[in-house]
Each structure stands twice: as C-alpha cells, then as structure tokens.
Amino acid sequence: MRVLPCGDAAVLLDCEDAREARRWHAALRDHAPTLGANTVLLRGRPDQLRALISSTEVTDVDDVRGREVAVEVVYDGPDLADVARHCGLDVDEVVRRHTASPWTVGFAGFAPGFAYLTGGDPGLEVPRLDRPRPRVEAGSVGLAGAFSGIYPRSSPGGWQLIGRTDAPLWDLGREDPALLRLGDVVRFVAVDR
C-alpha cells in the first residue's frame with residue numbers, strides 16, 4: 001500500500017486491491033475515511049495522518065456485511081443485446097446471471113446514491129461505452145467492467161444499460177438518504193411492467 005499526498009489537507013491510501021482497501025477503511029473507520037475501488041481517502045493534516053497510518057494495526061477482517069436489498073428490474077435496456085453478444089450469451093442468460101448473483105456494495109461515488117456493486121458473475125464483465133451518453137435516465141441499471149450499478153438520477157454516463165428500476169436510490173426524506181450502503185447485498189429481481 002502506498003500513501004500518496006492529496007493536496008495539503010488529505011492523503012490517499014493506494015491499496016493493492018479492493019480487499020486491502022476495505023481492511024484499511026475498517027481499521028480507520030473512526031477517522032471518516034472515504035472508500036474507493038482500491039483507495040481510501042483520509043482528510044486532515046498529512047503529517048498527522050501518516051503517523052496515524054503507521055500506528056494503525058490492520059487485521060484481516062471479514063468484509064462488512066450489510067442488509068439484503070431486493071431491487072426489481074425490468075430488463076429492457078438499450079444495450080442488453082450488445083451485452084449478450086459481447087459475453088457470448090443470449091439475452092435471457094444475461095438476465096439469469098445478473099439476477100442469480102448476489103452483488104455487494106463495494107463503495108459509492110459518482111453521484112449521491114450511486115453504489116458500485118461488486119461480486120457479480122464474471123461472465124458479465126463488459127467495457128464502458130466508447131462515448132458516454134449525454135443523458136442516462138434515473139433508475140437505469142448498467143454494467144461496466146466488473147461492476148453493476150443503478151443511476152440514482154438523470155446524468156451523463158457510459159455504462160452499458162441492461163434494464164431499469166423504480167427503486168428510490170437517493171431520498172433526502174429518509175434518515176439515511178442512500179438506499180444502498182457499504183456492505184449491503186443486492187439481489188436483482190426480474191419483473192415485467
């Protein structure tokens with residue numbers, strides 16, 4: 001793991017992989033770390049943060065396990081057929097694999113309520129689009145690399161869209177606005193609408 005400067009008020013832990021990043025995130029939980037795919041951001045004076053990091057014992061902890069959340073999806077996305085072709089599958093098999101795998105919230109970012117879901121079927125790994133769309137509708141369910149995700153609001157985006165959901169991913173009226181939190185296990189459920 002490398003400790004990199006991040007301006008004059010933060011450091012970035014550049015970890016070997018996502019598991020190591022989650023271990024550091026858990027060990028530094030009391031210092032409000034921000035978790036990325038393979039990184040952990042700590043805010044504060046860099047000299048104090050480096051001392052904290054050197055004195056912190058990181059043990060091999062189990063991954064954080066949150067709630068189980070079922071998300072209903074209509075699988076009719078504009079990229080569904082392209083994803084199937086890329087993966088060498090038919091559309092029904094893409095849907096079956098997407099719904100059969102439990103996905104875990106590995107980290108959040110991009111927009112409030114956007115959770116990067118990990119641990120899905122490796123046969124569904126697809127590249128991002130060559131050119132992002134100028135607008136992706138809220139509730140769009142997509143794939144990019146090894147991740148699945150749901151757009152919490154309309155925004156530009158480059159993920160391959162395979163479906164849509166009505167699940168309210170970000171709601172300021174809830175005690176915790178984010179529907180999906182670190183460690184939650186997401187199970188997609190195919191529905192017709």
# chains A, B, ... in the order shown; residues from 1 in each chain; ligands from 1

$ residues_around --residues "range 39-45 of chain A" --least-positions-apart "6" --cutoff "12 Å" --atoms "only C-alpha atoms" --output "ChimeraX atom specification"
/A:1-33,51-53,106-108

$ closest_atom_pairs --of "range 49-163 of chain A" --to "range 170-182 of chain A" --cutoff "10 Å" --atoms "only C-alpha atoms" --output "Markdown table"
| residue | atom | partner | partner_atom | distance |
| --- | --- | --- | --- | --- |
| A:Asp63 | CA | A:Leu182 | CA | 9.8 |
| A:Val64 | CA | A:Leu182 | CA | 7.3 |
| A:Arg65 | CA | A:Leu182 | CA | 8.0 |
| A:Gly66 | CA | A:Leu182 | CA | 7.0 |
| A:Arg67 | CA | A:Arg181 | CA | 8.5 |
| A:Glu68 | CA | A:Leu180 | CA | 9.5 |
| A:Val69 | CA | A:Leu180 | CA | 7.8 |
| A:Thr104 | CA | A:Leu182 | CA | 7.9 |
| A:Val105 | CA | A:Leu182 | CA | 5.1 |
| A:Gly106 | CA | A:Leu182 | CA | 6.0 |
| A:Phe107 | CA | A:Leu182 | CA | 5.9 |
| A:Ala108 | CA | A:Leu182 | CA | 7.4 |
| A:Ala111 | CA | A:Trp170 | CA | 9.6 |
| A:Pro112 | CA | A:Trp170 | CA | 6.7 |
| A:Gly113 | CA | A:Trp170 | CA | 5.0 |
| A:Phe114 | CA | A:Leu180 | CA | 8.1 |
| A:Ala115 | CA | A:Leu180 | CA | 6.5 |
| A:Tyr116 | CA | A:Leu182 | CA | 9.3 |
| A:Leu117 | CA | A:Leu182 | CA | 9.5 |
| A:Tyr151 | CA | A:Trp170 | CA | 9.9 |
| A:Pro152 | CA | A:Trp170 | CA | 6.2 |
| A:Arg153 | CA | A:Trp170 | CA | 8.2 |

$ closest_residue --among "A:Leu161, A:Ala190, A:Leu129, A:Ile150" --to "Val95 in chain A" --atoms "only C-alpha atoms"
A:Ala190

$ closest_residue --among "A:Asp130, A:Glu57, A:Val71, A:Trp103" --to "Leu169 in chain A" --atoms "only C-alpha atoms"
A:Val71

$ residues_around --residues "Pro122 in chain A" --least-positions-apart "4" --cutoff "12 Å" --atoms "only C-alpha atoms" --output "list in words"
Cys87, Val94, Arg97, His98, Ser101, Trp103, Thr118, Val126, Leu143, Ala144, Gly145, Ala146, Phe147 and Ser148 of chain A

$ closest_residue --among "A:Thr56, A:Ile162, A:Arg50, A:Pro102" --to "Asp184 in chain A" --atoms "only C-alpha atoms"
A:Pro102

$ atom_distance --atom1 "CA of Leu89 in chain A" --atom2 "CA of Val191 in chain A"
20.2 Å

$ select_by_dssp --residues "range 21-152 of chain A" --states "strand (DSSP E or B)" --output "PyMOL selection string"
chain A and resi 34-35+39-43+68-74+103-108+115-118+126+133-136+140-145+147-150

$ residues_around --residues "Gly77 in chain A" --least-positions-apart "4" --cutoff "9 Å" --atoms "only C-alpha atoms" --output "mmCIF file with N, CA and C atoms, in the first residue's frame"
data_model
loop_
_atom_site.group_PDB
_atom_site.id
_atom_site.type_symbol
_atom_site.label_atom_id
_atom_site.label_comp_id
_atom_site.auth_asym_id
_atom_site.auth_seq_id
_atom_site.Cartn_x
_atom_site.Cartn_y
_atom_site.Cartn_z
ATOM 1 N N ALA A 81 -28.882 -6.361 -25.681
ATOM 2 C CA ALA A 81 -28.488 -7.270 -26.766
ATOM 3 C C ALA A 81 -26.989 -7.188 -27.037
ATOM 4 N N SER A 140 -31.762 3.675 -14.301
ATOM 5 C CA SER A 140 -31.139 2.792 -15.291
ATOM 6 C C SER A 140 -30.146 1.870 -14.597
ATOM 7 N N VAL A 141 -30.210 0.588 -14.944
ATOM 8 C CA VAL A 141 -29.324 -0.425 -14.379
ATOM 9 C C VAL A 141 -28.284 -0.753 -15.432
ATOM 10 N N GLY A 142 -27.013 -0.706 -15.037
ATOM 11 C CA GLY A 142 -25.963 -0.912 -16.017
ATOM 12 C C GLY A 142 -24.835 -1.797 -15.538
ATOM 13 N N GLN A 160 -23.053 0.288 -19.793
ATOM 14 C CA GLN A 160 -23.927 -0.438 -20.709
ATOM 15 C C GLN A 160 -25.235 -0.722 -19.971
ATOM 16 N N LEU A 161 -26.320 -0.180 -20.479
ATOM 17 C CA LEU A 161 -27.613 -0.231 -19.797
ATOM 18 C C LEU A 161 -28.391 -1.490 -20.175
ATOM 19 N N ILE A 162 -28.748 -2.266 -19.133
ATOM 20 C CA ILE A 162 -29.443 -3.530 -19.384
ATOM 21 C C ILE A 162 -30.875 -3.534 -18.863
ATOM 22 N N GLY A 163 -31.252 -2.529 -18.065
ATOM 23 C CA GLY A 163 -32.606 -2.509 -17.522
ATOM 24 C C GLY A 163 -32.894 -1.225 -16.771
ATOM 25 N N ARG A 164 -34.026 -1.254 -16.046
ATOM 26 C CA ARG A 164 -34.439 -0.064 -15.285
ATOM 27 C C ARG A 164 -35.217 -0.497 -14.052
#

$ residues_around --residues "Phe188 in chain A" --least-positions-apart "6" --cutoff "6 Å" --atoms "only C-alpha atoms" --output "PyMOL selection string"
chain A and resi 70-72+99

$ write_last_selection --atoms "C-alpha atoms" --output "compact mmCIF listing (two decimals), in the first residue's frame"
# COMPACT_ATOMS: atom_id res chain seq x y z
CA ALA A 70 -34.05 -6.74 -3.35
CA VAL A 71 -34.22 -4.46 -6.40
CA GLU A 72 -36.89 -5.14 -9.04
CA THR A 99 -30.30 -11.93 -11.07

$ closest_residue --among "A:Arg135, A:Val73, A:Arg85, A:Arg128" --to "Asp166 in chain A" --atoms "only C-alpha atoms"
A:Val73

$ select_by_dssp --residues "range 83-189 of chain A" --states "alpha helix (DSSP H)" --output "JSON, numbers by chain"
{"A": [83, 84, 85, 86, 87, 91, 92, 93, 94, 95, 96, 97, 98, 99, 100]}

$ write_last_selection --atoms "N, CA, C and O atoms" --output "mmCIF file, in the first residue's frame"
data_model
loop_
_atom_site.group_PDB
_atom_site.id
_atom_site.type_symbol
_atom_site.label_atom_id
_atom_site.label_comp_id
_atom_site.auth_asym_id
_atom_site.auth_seq_id
_atom_site.Cartn_x
_atom_site.Cartn_y
_atom_site.Cartn_z
ATOM 1 N N VAL A 83 -24.658 -6.395 -24.820
ATOM 2 C CA VAL A 83 -24.007 -7.075 -23.704
ATOM 3 C C VAL A 83 -24.039 -8.578 -23.929
ATOM 4 O O VAL A 83 -23.032 -9.274 -23.740
ATOM 5 N N ALA A 84 -25.187 -9.090 -24.347
ATOM 6 C CA ALA A 84 -25.313 -10.525 -24.608
ATOM 7 C C ALA A 84 -24.312 -10.966 -25.677
ATOM 8 O O ALA A 84 -23.595 -11.960 -25.497
ATOM 9 N N ARG A 85 -24.223 -10.222 -26.768
ATOM 10 C CA ARG A 85 -23.269 -10.563 -27.837
ATOM 11 C C ARG A 85 -21.836 -10.527 -27.326
ATOM 12 O O ARG A 85 -21.051 -11.437 -27.570
ATOM 13 N N HIS A 86 -21.498 -9.459 -26.592
ATOM 14 C CA HIS A 86 -20.133 -9.311 -26.066
ATOM 15 C C HIS A 86 -19.764 -10.485 -25.164
ATOM 16 O O HIS A 86 -18.631 -10.961 -25.185
ATOM 17 N N CYS A 87 -20.714 -10.949 -24.374
ATOM 18 C CA CYS A 87 -20.464 -12.029 -23.410
ATOM 19 C C CYS A 87 -20.638 -13.422 -24.014
ATOM 20 O O CYS A 87 -20.389 -14.428 -23.333
ATOM 21 N N VAL A 91 -29.843 -13.106 -24.467
ATOM 22 C CA VAL A 91 -30.381 -12.095 -23.553
ATOM 23 C C VAL A 91 -30.930 -12.728 -22.276
ATOM 24 O O VAL A 91 -30.688 -12.234 -21.169
ATOM 25 N N ASP A 92 -31.663 -13.840 -22.418
ATOM 26 C CA ASP A 92 -32.233 -14.492 -21.234
ATOM 27 C C ASP A 92 -31.145 -14.945 -20.267
ATOM 28 O O ASP A 92 -31.314 -14.876 -19.050
ATOM 29 N N GLU A 93 -30.008 -15.390 -20.813
ATOM 30 C CA GLU A 93 -28.915 -15.844 -19.940
ATOM 31 C C GLU A 93 -28.242 -14.663 -19.238
ATOM 32 O O GLU A 93 -27.825 -14.768 -18.085
ATOM 33 N N VAL A 94 -28.150 -13.511 -19.901
ATOM 34 C CA VAL A 94 -27.621 -12.312 -19.239
ATOM 35 C C VAL A 94 -28.506 -11.968 -18.043
ATOM 36 O O VAL A 94 -28.022 -11.730 -16.934
ATOM 37 N N VAL A 95 -29.816 -11.961 -18.260
ATOM 38 C CA VAL A 95 -30.754 -11.652 -17.175
ATOM 39 C C VAL A 95 -30.641 -12.695 -16.066
ATOM 40 O O VAL A 95 -30.575 -12.357 -14.880
ATOM 41 N N ARG A 96 -30.579 -13.967 -16.433
ATOM 42 C CA ARG A 96 -30.474 -15.021 -15.425
ATOM 43 C C ARG A 96 -29.225 -14.844 -14.576
ATOM 44 O O ARG A 96 -29.267 -14.908 -13.353
ATOM 45 N N ARG A 97 -28.095 -14.559 -15.220
ATOM 46 C CA ARG A 97 -26.840 -14.397 -14.471
ATOM 47 C C ARG A 97 -26.840 -13.130 -13.619
ATOM 48 O O ARG A 97 -26.299 -13.124 -12.517
ATOM 49 N N HIS A 98 -27.433 -12.069 -14.134
ATOM 50 C CA HIS A 98 -27.474 -10.819 -13.366
ATOM 51 C C HIS A 98 -28.331 -10.980 -12.116
ATOM 52 O O HIS A 98 -28.023 -10.425 -11.061
ATOM 53 N N THR A 99 -29.408 -11.738 -12.220
ATOM 54 C CA THR A 99 -30.302 -11.933 -11.073
ATOM 55 C C THR A 99 -29.834 -13.075 -10.168
ATOM 56 O O THR A 99 -30.196 -13.109 -8.990
ATOM 57 N N ALA A 100 -29.044 -13.999 -10.669
ATOM 58 C CA ALA A 100 -28.603 -15.147 -9.872
ATOM 59 C C ALA A 100 -27.485 -14.779 -8.898
ATOM 60 O O ALA A 100 -27.346 -15.396 -7.852
#

$ atom_distance --atom1 "CA of Ala138 in chain A" --atom2 "CA of Ser154 in chain A"
4.5 Å

$ decode --residues "range 12-55 of chain A" --atoms "N, CA and C atoms" --output "CSV table (one decimal), in the first residue's frame"
chain,number,residue,atom,x,y,z
A,12,LEU,N,-4.0,9.9,0.4
A,12,LEU,CA,-4.7,8.8,-0.3
A,12,LEU,C,-4.0,7.5,-0.1
A,13,LEU,N,-4.6,6.5,0.4
A,13,LEU,CA,-4.0,5.2,0.5
A,13,LEU,C,-4.3,4.4,-0.8
A,14,ASP,N,-3.3,4.2,-1.5
A,14,ASP,CA,-3.4,3.4,-2.8
A,14,ASP,C,-3.1,2.0,-2.5
A,15,CYS,N,-4.1,1.2,-2.4
A,15,CYS,CA,-4.0,-0.2,-2.0
A,15,CYS,C,-3.8,-1.2,-3.2
A,16,GLU,N,-3.4,-2.3,-2.8
A,16,GLU,CA,-3.1,-3.4,-3.9
A,16,GLU,C,-4.4,-3.8,-4.5
A,17,ASP,N,-5.5,-3.9,-3.8
A,17,ASP,CA,-6.7,-4.4,-4.3
A,17,ASP,C,-7.9,-3.9,-3.4
A,18,ALA,N,-9.1,-4.2,-3.8
A,18,ALA,CA,-10.3,-3.8,-3.1
A,18,ALA,C,-10.4,-4.3,-1.7
A,19,ARG,N,-9.9,-5.6,-1.5
A,19,ARG,CA,-10.0,-6.2,-0.2
A,19,ARG,C,-9.1,-5.4,0.8
A,20,GLU,N,-7.8,-5.1,0.3
A,20,GLU,CA,-6.9,-4.3,1.2
A,20,GLU,C,-7.5,-2.9,1.5
A,21,ALA,N,-8.2,-2.3,0.5
A,21,ALA,CA,-8.8,-1.0,0.8
A,21,ALA,C,-9.9,-1.1,1.8
A,22,ARG,N,-10.7,-2.2,1.8
A,22,ARG,CA,-11.8,-2.4,2.7
A,22,ARG,C,-11.2,-2.6,4.1
A,23,ARG,N,-10.0,-3.3,4.2
A,23,ARG,CA,-9.4,-3.6,5.5
A,23,ARG,C,-8.9,-2.2,6.1
A,24,TRP,N,-8.3,-1.4,5.3
A,24,TRP,CA,-7.8,-0.1,5.8
A,24,TRP,C,-9.0,0.8,6.2
A,25,HIS,N,-10.0,0.8,5.4
A,25,HIS,CA,-11.2,1.5,5.7
A,25,HIS,C,-11.8,1.1,7.0
A,26,ALA,N,-11.9,-0.2,7.3
A,26,ALA,CA,-12.5,-0.7,8.5
A,26,ALA,C,-11.6,-0.2,9.7
A,27,ALA,N,-10.2,-0.3,9.5
A,27,ALA,CA,-9.3,0.0,10.6
A,27,ALA,C,-9.3,1.5,10.9
A,28,LEU,N,-9.6,2.3,10.0
A,28,LEU,CA,-9.6,3.8,10.2
A,28,LEU,C,-11.0,4.4,10.2
A,29,ARG,N,-12.0,3.5,10.5
A,29,ARG,CA,-13.4,3.9,10.5
A,29,ARG,C,-13.7,5.2,11.3
A,30,ASP,N,-13.0,5.3,12.5
A,30,ASP,CA,-13.3,6.5,13.4
A,30,ASP,C,-12.8,7.8,12.8
A,31,HIS,N,-12.0,7.7,11.7
A,31,HIS,CA,-11.4,8.9,11.1
A,31,HIS,C,-12.1,9.3,9.8
A,32,ALA,N,-13.3,8.9,9.6
A,32,ALA,CA,-14.2,9.2,8.5
A,32,ALA,C,-13.5,9.0,7.1
A,33,PRO,N,-13.0,7.8,6.9
A,33,PRO,CA,-12.3,7.6,5.6
A,33,PRO,C,-13.4,7.5,4.5
A,34,THR,N,-12.9,7.8,3.3
A,34,THR,CA,-13.8,7.7,2.1
A,34,THR,C,-13.2,6.5,1.3
A,35,LEU,N,-14.0,5.5,1.0
A,35,LEU,CA,-13.6,4.3,0.3
A,35,LEU,C,-13.8,4.4,-1.2
A,36,GLY,N,-12.8,4.0,-2.0
A,36,GLY,CA,-12.9,3.9,-3.4
A,36,GLY,C,-12.7,2.5,-3.8
A,37,ALA,N,-12.6,2.2,-5.1
A,37,ALA,CA,-12.4,0.8,-5.5
A,37,ALA,C,-11.1,0.2,-4.9
A,38,ASN,N,-10.0,0.9,-5.0
A,38,ASN,CA,-8.8,0.4,-4.4
A,38,ASN,C,-8.1,1.4,-3.6
A,39,THR,N,-8.8,2.4,-3.1
A,39,THR,CA,-8.2,3.6,-2.4
A,39,THR,C,-9.0,3.9,-1.2
A,40,VAL,N,-8.3,4.6,-0.3
A,40,VAL,CA,-9.0,5.2,0.9
A,40,VAL,C,-8.5,6.6,1.1
A,41,LEU,N,-9.4,7.6,1.2
A,41,LEU,CA,-9.0,9.0,1.3
A,41,LEU,C,-9.2,9.3,2.8
A,42,LEU,N,-8.2,10.0,3.4
A,42,LEU,CA,-8.3,10.5,4.7
A,42,LEU,C,-8.0,12.0,4.7
A,43,ARG,N,-8.9,12.7,5.4
A,43,ARG,CA,-8.8,14.2,5.4
A,43,ARG,C,-8.2,14.6,6.7
A,44,GLY,N,-7.3,15.6,6.7
A,44,GLY,CA,-6.6,16.1,7.8
A,44,GLY,C,-5.2,16.5,7.5
A,45,ARG,N,-4.4,16.8,8.5
A,45,ARG,CA,-3.0,17.2,8.3
A,45,ARG,C,-2.2,16.0,7.9
A,46,PRO,N,-1.6,16.0,6.7
A,46,PRO,CA,-0.8,14.9,6.2
A,46,PRO,C,0.2,14.3,7.2
A,47,ASP,N,0.9,15.1,7.9
A,47,ASP,CA,1.9,14.5,8.9
A,47,ASP,C,1.2,13.7,10.0
A,48,GLN,N,0.0,14.2,10.5
A,48,GLN,CA,-0.7,13.5,11.5
A,48,GLN,C,-1.3,12.2,10.9
A,49,LEU,N,-1.8,12.3,9.7
A,49,LEU,CA,-2.4,11.1,9.0
A,49,LEU,C,-1.4,10.1,8.8
A,50,ARG,N,-0.2,10.5,8.4
A,50,ARG,CA,0.9,9.5,8.2
A,50,ARG,C,1.3,8.8,9.5
A,51,ALA,N,1.3,9.5,10.6
A,51,ALA,CA,1.6,9.0,11.9
A,51,ALA,C,0.5,8.0,12.3
A,52,LEU,N,-0.8,8.4,12.0
A,52,LEU,CA,-1.9,7.5,12.3
A,52,LEU,C,-1.8,6.2,11.6
A,53,ILE,N,-1.5,6.3,10.3
A,53,ILE,CA,-1.4,5.1,9.4
A,53,ILE,C,-0.3,4.2,9.9
A,54,SER,N,0.9,4.8,10.3
A,54,SER,CA,2.0,3.9,10.7
A,54,SER,C,1.7,3.2,12.1
A,55,SER,N,0.8,3.8,12.9
A,55,SER,CA,0.5,3.2,14.2
A,55,SER,C,-0.8,2.4,14.2
